[in-house]
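Chemist: Once you've had a glance at the structure underneath, I'll fire off some questions.
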Amino acid sequence: MEELIALDKRLFIYLNHLHTSWLDPVMFWMSATYSWIPLYLFLLFVIIKKYRSKTWIVILSIAFTIALSDQIASALLKPLFMRLRPSHEPAFENVIHYVNNYRGGLYGFASSHASNVFALATFFWLLFRLEYKSSIWLFAWATIVAYTRIYLGVHYPGDVLTGAVIGVLSGWLGFKICTWLFLRTENKSSGTINSKL
């Protein structure tokens, strides 16, 4: 475990030092949740167009997916392991490349940014994969957002990788719940119709 932690720190320093001045504001912007509002609105448009009156099922499932991934990463693992972010690690004080002096919260394991974006990417890919092959690119988006956390100096690669795994599992479970809700509502509708015949 100590060797893995040491490797994680060395990899973090290497990746964090791969920076340029023009990329700093880009990475800072891409890391912000509000920057992706147009993407979220587009996905909402696709959901409404495809599912119409059943849109509420997808929205409810997404809410569950995000709540699950965020709570596991932030409410469970961070206070449980209490691993300092690299930006709060005294040994790294004069080593890390910061952007806009952004340091994040105190603890970083696991990355809720990574868990949430990978949860969304997994959920939407499972939801759209048969009709929209391009939905696979959502994983590229999730990877970029997750990487910004290392670039900004607020997460180790291990934080991000663990967050991504949590996100994928949460997205898969959220999709399963979504599928179950669709089947349940369809069965209820069929039962109502049959009872009237």
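Ligands are numbered from 1 in the order shown, chains are lettered A, B, ... in the order of the structure tokens, and residues start at 1 in each chain.
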Could you tell me, as JSON, numbers by chain, which residues of chain A DSSP assigns to helix (DSSP H, G or I) when given the backbone?
Modeler: {"A": [2, 3, 4, 5, 6, 7, 8, 9, 10, 11, 12, 13, 14, 15, 16, 23, 24, 25, 26, 27, 28, 29, 30, 31, 33, 34, 35, 36, 37, 38, 39, 40, 41, 42, 43, 44, 45, 46, 47, 48, 49, 50, 51, 52, 53, 54, 55, 56, 57, 58, 59, 60, 61, 62, 63, 64, 65, 66, 67, 68, 69, 70, 71, 72, 73, 74, 75, 76, 77, 78, 79, 80, 81, 86, 87, 88, 90, 91, 92, 112, 113, 114, 115, 116, 117, 118, 119, 120, 121, 122, 123, 124, 125, 126, 127, 128, 133, 134, 135, 136, 137, 138, 139, 140, 141, 142, 143, 144, 145, 146, 147, 148, 149, 150, 151, 157, 158, 159, 160, 161, 162, 163, 164, 165, 166, 167, 168, 169, 170, 171, 172, 173, 174, 175, 176, 177, 178, 179, 180, 181, 182, 183, 184, 185, 186, 187, 188, 189, 190, 191, 192, 193, 194, 195, 196]}
Chemist: Could you pull the residues within 9 Å of region 170-184 of chain A, counting only C-alpha atoms, minus those fewer than 6 positions along the same chain, as a list of chain:residue names?
Modeler: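 Listed by chain and then number, they are A:Lys54, A:Ile57, A:Val58, A:Leu60, A:Ser61, A:Ile62, A:Ala63, A:Phe64, A:Thr65, A:Ile66, A:Leu68, A:Ser69, A:Ser115, A:Asn116, A:Phe118, A:Ala119, A:Leu120, A:Ala121, A:Thr122, A:Phe123, A:Phe124, A:Leu126, A:Leu127.
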Chemist: How many Å separate CA of Leu18 (chain A) from CA of Phe109 (chain A)?
Modeler: 22.1 Å
Chemist: Within 8 Å of Thr143 (chain A), counting only C-alpha atoms, which residues qualify if same-chain residues fewer than 3 places away don't, as an mmCIF file with C-alpha atoms, in the first residue's frame?
Modeler:
```cif
data_model
loop_
_atom_site.group_PDB
_atom_site.id
_atom_site.type_symbol
_atom_site.label_atom_id
_atom_site.label_comp_id
_atom_site.auth_asym_id
_atom_site.auth_seq_id
_atom_site.Cartn_x
_atom_site.Cartn_y
_atom_site.Cartn_z
ATOM 1 C CA ALA A 114 -14.682 12.082 -11.429
ATOM 2 C CA PHE A 118 -18.335 9.055 -15.115
ATOM 3 C CA PHE A 139 -16.436 8.971 -21.763
ATOM 4 C CA ALA A 140 -13.877 11.246 -23.434
ATOM 5 C CA ALA A 146 -11.454 14.108 -14.342
ATOM 6 C CA TYR A 147 -7.967 14.968 -15.597
#
```
Chemist: Using only C-alpha atoms, which protein or nucleic acid residues come within 9 Å of Val95 (chain A)? Drop anything in the same chain fewer than 2 positions from it, and give the result as number ranges by chain.
Modeler: A: 13, 17, 91-93, 97
Chemist: Considering only C-alpha atoms, return as a ChimeraX atom specification whatever protein or nucleic-acid residues lie within 12 Å of Thr148 (chain A), sequence-local ones (same chain, fewer than 2 positions apart) excluded.
Modeler: /A:12,15-16,18-19,23-33,98-99,111,113-114,141-146,150-157,160
Chemist: For the atom pair CA of Tyr51 (chain A) and CA of Ser135 (chain A), what is the interatomic distance in Å to one decimal place?
Modeler: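 Interatomic distance here is 16.8 Å.
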